[in-house]
$ cat start30.tsv   # TSV, C-alpha atoms
chain	number	residue	atom	x	y	z
A	1	MET	CA	-48.65	51.21	0.64
A	2	GLN	CA	-45.30	49.42	0.64
A	3	GLY	CA	-45.45	46.67	3.26
A	4	ASP	CA	-42.73	44.78	5.09
A	5	ALA	CA	-41.37	41.94	2.91
A	6	ALA	CA	-41.48	39.41	5.75
A	7	ILE	CA	-45.13	40.27	6.47
A	8	ILE	CA	-46.02	39.84	2.79
A	9	GLU	CA	-44.35	36.41	2.82
A	10	LEU	CA	-46.22	35.57	6.03
A	11	LEU	CA	-49.55	36.56	4.45
A	12	ASN	CA	-48.69	34.44	1.40
A	13	GLU	CA	-47.84	31.50	3.66
A	14	VAL	CA	-51.24	31.83	5.35
A	15	LEU	CA	-52.82	32.18	1.89
A	16	THR	CA	-51.19	28.91	0.73
A	17	ALA	CA	-52.71	27.13	3.72
A	18	GLU	CA	-56.14	28.65	2.99
A	19	LEU	CA	-56.02	27.61	-0.67
A	20	THR	CA	-55.05	24.09	0.40
A	21	ALA	CA	-57.95	24.00	2.89
A	22	ILE	CA	-60.42	25.25	0.26
A	23	ASN	CA	-59.54	22.29	-1.98
A	24	GLN	CA	-59.43	19.73	0.83
A	25	TYR	CA	-62.83	20.71	2.26
A	26	PHE	CA	-64.32	21.02	-1.23
A	27	VAL	CA	-63.43	17.43	-2.16
A	28	ASP	CA	-64.48	16.32	1.36
A	29	SER	CA	-67.89	17.92	0.77
A	30	LYS	CA	-68.37	16.30	-2.62
A	31	MET	CA	-67.27	12.86	-1.35
A	32	CYS	CA	-69.66	13.11	1.63
A	33	ALA	CA	-72.50	14.07	-0.75
A	34	ASN	CA	-71.61	11.09	-2.94
A	35	TRP	CA	-71.77	8.81	0.11
A	36	GLY	CA	-75.18	10.30	1.05
A	37	TYR	CA	-74.04	12.25	4.13
A	38	GLU	CA	-75.84	15.46	3.22
A	39	ARG	CA	-75.35	17.16	6.57
A	40	LEU	CA	-71.58	16.73	6.52
A	41	ALA	CA	-71.49	17.65	2.83
A	42	LYS	CA	-73.09	21.00	3.68
A	43	GLN	CA	-70.77	21.54	6.64
A	44	PHE	CA	-67.62	20.85	4.61
A	45	ASN	CA	-68.94	23.03	1.78
A	46	ASP	CA	-69.55	25.92	4.20
A	47	GLU	CA	-66.02	25.48	5.58
A	48	SER	CA	-64.56	25.50	2.07
A	49	MET	CA	-66.42	28.73	1.22
A	50	GLY	CA	-65.35	30.23	4.56
A	51	GLU	CA	-61.71	29.55	3.76
A	52	MET	CA	-62.25	31.17	0.37
A	53	LYS	CA	-63.46	34.37	2.09
A	54	ASP	CA	-60.30	34.27	4.23
A	55	ALA	CA	-58.23	33.83	1.05
A	56	GLU	CA	-60.01	36.81	-0.52
A	57	HIS	CA	-59.10	39.08	2.41
A	58	LEU	CA	-55.49	37.84	2.39
A	59	VAL	CA	-55.12	38.51	-1.36
A	60	GLU	CA	-56.57	42.02	-0.86
A	61	ARG	CA	-54.20	42.68	2.05
A	62	VAL	CA	-51.11	41.52	0.08
A	63	LEU	CA	-52.11	43.77	-2.82
A	64	TYR	CA	-52.67	46.69	-0.42
A	65	LEU	CA	-49.10	46.15	0.86
A	66	ASP	CA	-47.87	46.23	-2.78
A	67	GLY	CA	-46.91	42.57	-2.71
A	68	VAL	CA	-47.69	39.79	-5.19
A	69	PRO	CA	-50.33	37.36	-3.88
A	70	ASN	CA	-49.17	33.80	-4.54
A	71	LEU	CA	-52.10	31.68	-5.71
A	72	GLN	CA	-49.83	29.20	-7.45
A	73	ARG	CA	-48.40	27.50	-4.39
A	74	LEU	CA	-50.49	24.76	-2.76
A	75	GLY	CA	-49.82	22.50	0.22
A	76	GLN	CA	-50.62	18.81	0.48
A	77	VAL	CA	-54.35	18.18	0.09
A	78	ARG	CA	-55.03	15.37	2.59
A	79	VAL	CA	-58.06	13.48	1.34
A	80	GLY	CA	-59.48	11.11	3.95
A	81	GLU	CA	-61.09	7.91	2.70
A	82	THR	CA	-63.69	7.69	5.48
A	83	VAL	CA	-65.69	10.26	7.46
A	84	PRO	CA	-63.68	9.83	10.70
A	85	GLU	CA	-60.43	10.08	8.75
A	86	LYS	CA	-61.67	13.26	7.03
A	87	LEU	CA	-62.52	14.80	10.40
A	88	GLN	CA	-59.10	13.84	11.82
A	89	LEU	CA	-57.25	15.26	8.81
A	90	ALA	CA	-59.35	18.46	8.95
A	91	LEU	CA	-58.51	18.82	12.65
A	92	ALA	CA	-54.80	18.34	11.90
A	93	LEU	CA	-55.04	21.06	9.24
A	94	GLU	CA	-56.83	23.45	11.63
A	95	LYS	CA	-54.32	22.87	14.43
A	96	GLU	CA	-51.46	23.69	12.06
A	97	ALA	CA	-53.35	26.82	10.97
A	98	ILE	CA	-53.88	27.95	14.59
A	99	THR	CA	-50.15	27.56	15.34
A	100	ARG	CA	-49.22	29.44	12.15
A	101	LEU	CA	-51.69	32.26	12.82
A	102	ASN	CA	-50.60	32.73	16.44
A	103	ARG	CA	-46.99	32.95	15.27
A	104	GLY	CA	-48.03	35.37	12.52
A	105	ILE	CA	-49.98	37.60	14.91
A	106	GLY	CA	-46.85	37.89	17.07
A	107	GLN	CA	-44.79	38.77	14.02
A	108	CYS	CA	-47.29	41.46	12.93
A	109	SER	CA	-47.25	43.00	16.42
A	110	GLU	CA	-43.44	43.10	16.45
A	111	THR	CA	-43.40	44.75	13.02
A	112	GLY	CA	-46.14	47.21	14.01
A	113	ASP	CA	-48.47	46.08	11.19
A	114	ASN	CA	-51.75	46.21	13.09
A	115	GLY	CA	-53.94	45.94	10.00
A	116	SER	CA	-52.41	42.56	9.12
A	117	ARG	CA	-52.58	41.53	12.77
A	118	ASP	CA	-56.32	42.35	12.85
A	119	LEU	CA	-56.90	40.24	9.74
A	120	LEU	CA	-54.98	37.25	11.12
A	121	GLU	CA	-56.83	37.53	14.45
A	122	GLU	CA	-60.16	37.44	12.64
A	123	ILE	CA	-59.08	34.36	10.64
A	124	LEU	CA	-57.76	32.73	13.84
A	125	GLU	CA	-61.15	33.01	15.56
A	126	GLY	CA	-62.79	31.20	12.65
A	127	GLU	CA	-60.19	28.42	12.65
A	128	GLU	CA	-60.51	27.96	16.42
A	129	ALA	CA	-64.28	27.61	16.12
A	130	HIS	CA	-63.82	25.07	13.33
A	131	ALA	CA	-61.25	23.06	15.31
A	132	ASP	CA	-63.65	23.05	18.27
A	133	TRP	CA	-66.47	21.70	16.06
A	134	LEU	CA	-64.17	18.99	14.67
A	135	GLU	CA	-63.08	17.93	18.16
A	136	SER	CA	-66.74	17.65	19.14
A	137	GLN	CA	-67.48	15.43	16.15
A	138	LEU	CA	-64.57	13.10	16.96
A	139	THR	CA	-65.73	12.91	20.60
A	140	LEU	CA	-69.27	12.13	19.41
A	141	ILE	CA	-67.96	9.29	17.26
A	142	GLU	CA	-66.13	7.90	20.30
A	143	GLN	CA	-69.20	8.20	22.51
A	144	VAL	CA	-72.09	7.11	20.27
A	145	GLY	CA	-70.15	4.95	17.84
A	146	GLU	CA	-69.34	5.55	14.17
A	147	ALA	CA	-72.57	4.00	12.82
A	148	HIS	CA	-74.85	6.08	15.05
A	149	TYR	CA	-72.90	9.22	14.27
A	150	LEU	CA	-73.06	8.58	10.53
A	151	ALA	CA	-76.80	7.89	10.70
A	152	GLN	CA	-77.25	11.47	11.95
A	153	GLN	CA	-75.37	12.85	8.93
A	154	ILE	CA	-77.67	11.47	6.24
A	155	HIS	CA	-80.19	14.34	6.36
A	156	ASP	CA	-79.20	17.97	6.32
B	157	MET	CA	-55.83	8.92	3.07
B	158	TYR	CA	-55.19	9.44	-0.63
B	159	VAL	CA	-51.54	10.39	-0.93
B	160	CYS	CA	-51.53	10.50	-4.75
B	161	SER	CA	-54.78	11.86	-6.19
B	162	CYS	CA	-53.61	11.46	-9.80
B	163	ARG	CA	-53.28	7.68	-9.44
B	164	ALA	CA	-55.69	7.27	-6.48
B	165	VAL	CA	-53.05	5.67	-4.25
B	166	SER	CA	-53.68	5.63	-0.50
B	167	ASP	CA	-51.24	5.48	2.40
B	168	ARG	CA	-52.52	1.93	3.05
B	169	THR	CA	-51.41	0.83	-0.42
B	170	ILE	CA	-47.97	2.35	0.12
B	171	ARG	CA	-47.70	0.60	3.50
B	172	ALA	CA	-48.66	-2.73	1.92
B	173	GLU	CA	-46.04	-2.31	-0.82
B	174	ILE	CA	-43.33	-1.55	1.73
B	175	GLU	CA	-44.35	-4.65	3.69
B	176	ARG	CA	-43.84	-6.56	0.42
B	177	GLY	CA	-40.34	-5.17	0.05
B	178	ALA	CA	-40.57	-1.75	-1.61
B	179	VAL	CA	-37.91	0.59	-0.26
B	180	ASP	CA	-38.29	4.08	-1.68
B	181	GLU	CA	-40.42	6.41	-3.81
B	182	PHE	CA	-39.00	4.87	-6.99
B	183	ASP	CA	-40.17	1.38	-5.99
B	184	ILE	CA	-43.59	2.82	-5.08
B	185	ALA	CA	-43.79	4.55	-8.48
B	186	ASP	CA	-42.97	1.26	-10.26
B	187	ARG	CA	-45.41	-0.80	-8.20
B	188	CYS	CA	-48.50	1.40	-7.96
B	189	GLY	CA	-47.84	4.54	-9.98
B	190	ALA	CA	-47.93	7.00	-7.06
B	191	GLY	CA	-46.03	10.18	-7.91
B	192	THR	CA	-45.73	9.45	-11.61
B	193	HIS	CA	-48.17	12.02	-12.98
B	194	CYS	CA	-48.05	15.58	-11.61
B	195	GLY	CA	-45.32	14.71	-9.10
B	196	SER	CA	-46.60	16.97	-6.30
B	197	CYS	CA	-46.87	14.08	-3.83
B	198	VAL	CA	-43.34	12.69	-4.31
B	199	ASP	CA	-41.94	14.40	-1.20
B	200	GLU	CA	-44.80	12.99	0.87
B	201	VAL	CA	-44.34	9.50	-0.65
B	202	ARG	CA	-40.63	9.64	0.22
B	203	ARG	CA	-41.40	10.78	3.79
B	204	LEU	CA	-43.98	8.01	4.17
B	205	CYS	CA	-41.55	5.39	2.83
B	206	ASP	CA	-38.97	6.39	5.45
B	207	GLU	CA	-41.56	6.44	8.21
B	208	ILE	CA	-43.26	3.15	7.35
B	209	ARG	CA	-40.01	1.32	6.61
B	210	ALA	CA	-38.69	2.32	10.02
B	211	GLN	CA	-41.91	1.02	11.59
B	212	VAL	CA	-42.47	-2.25	9.74
B	213	GLN	CA	-38.94	-3.45	9.21
B	214	GLY	CA	-37.05	-1.70	11.94
B	215	THR	CA	-34.69	-0.76	9.11
B	216	PRO	CA	-32.58	2.35	9.67
B	217	VAL	CA	-33.83	5.31	7.63
B	218	LEU	CA	-31.62	5.97	4.59
B	219	VAL	CA	-29.75	9.25	4.86
B	220	GLY	CA	-28.00	11.55	2.44
B	221	ARG	CA	-30.64	11.46	-0.29
$ encode --input "start30.tsv" --output "structure tokens"
Amino acid sequence: MQGDAAIIELLNEVLTAELTAINQYFVDSKMCANWGYERLAKQFNDESMGEMKDAEHLVERVLYLDGVPNLQRLGQVRVGETVPEKLQLALALEKEAITRLNRGIGQCSETGDNGSRDLLEEILEGEEAHADWLESQLTLIEQVGEAHYLAQQIHD
Amino acid sequence: MYVCSCRAVSDRTIRAEIERGAVDEFDIADRCGAGTHCGSCVDEVRRLCDEIRAQVQGTPVLVGR
């Protein structure tokens, strides 16, 4: 079905952000594993795979709308050098995603593309949950201290 | 944060180079190699240079480039 060109570009913009997040969380996971923080390594890996599922649905939606999914474009992969920095950079990424998705949902509603709106709403819920988890981790670090927090991340 | 993954250059390194007198992305490329391989970080290096230079030197940000 021929979709609205602006909606296809919007879906590709969201896709670019997902592809960027996949890579960022993937390297975060591997670096945490290398440092011995198995619990965080698993969490970042799960997030990376979750973003890949989002990317899959976006690619399928763009193809359904007879658009060309853009898997070539990538945003800046922000690789933190410490655990707290990784969590902060992940939170920044999620906040940008939440803003983008809310804007996109409005655009889909205006265009009357409820299928795309549904998809973006589903992705938004996941990103909000992830942002909430990241905020909790940063609060924990503030409250218990970085060393105590990190000690809890050694075992999965 | 690693700004340039190709050359493993962090924002801290770029800040240190600017404190030592580097001005723009070309100076950063000469001094630590950031942005000289795939080139995808050059925009971010340029943005960081402007931001850090304004902070550390109080120098006006260059315009028209």
$ residues_around --input "start30.tsv" --residues "stretch 130-133 of chain A" --least-positions-apart "2" --cutoff "9 Å" --atoms "only C-alpha atoms" --output "ChimeraX atom specification"
/A:47,90-95,98,125-128,135-138
$ interface_residues --input "start30.tsv" --of "chain A" --to "chain B" --cutoff "12 Å" --atoms "all atoms listed in the file" --output "ChimeraX atom specification"
/A:24,27-28,73-90
$ atom_distance --input "start30.tsv" --atom1 "atom CA of B:Val179" --atom2 "atom CA of B:Gly195"
18.2 Å
$ closest_residue --input "start30.tsv" --among "B:Ala164, B:Ala185, B:Arg171, B:Arg176" --to "B:Asp206" --atoms "all atoms listed in the file"
B:Arg171
$ atom_distance --input "start30.tsv" --atom1 "atom CA of B:Val198" --atom2 "atom CA of A:Cys32"
27.0 Å
$ atom_distance --input "start30.tsv" --atom1 "atom CA of A:Leu124" --atom2 "atom CA of A:Leu101"
6.2 Å
$ closest_residue --input "start30.tsv" --among "A:Gln143, A:Gln2, A:Asn114, A:Asn23" --to "A:Asp66" --atoms "only C-alpha atoms"
A:Gln2
$ residues_around --input "start30.tsv" --residues "B:Gly177" --least-positions-apart "4" --cutoff "12 Å" --atoms "only C-alpha atoms" --output "list of chain:residue names"
B:Ile170, B:Arg171, B:Ala172, B:Glu173, B:Asp183, B:Ile184, B:Arg187, B:Cys205, B:Ile208, B:Arg209, B:Val212, B:Gln213, B:Thr215
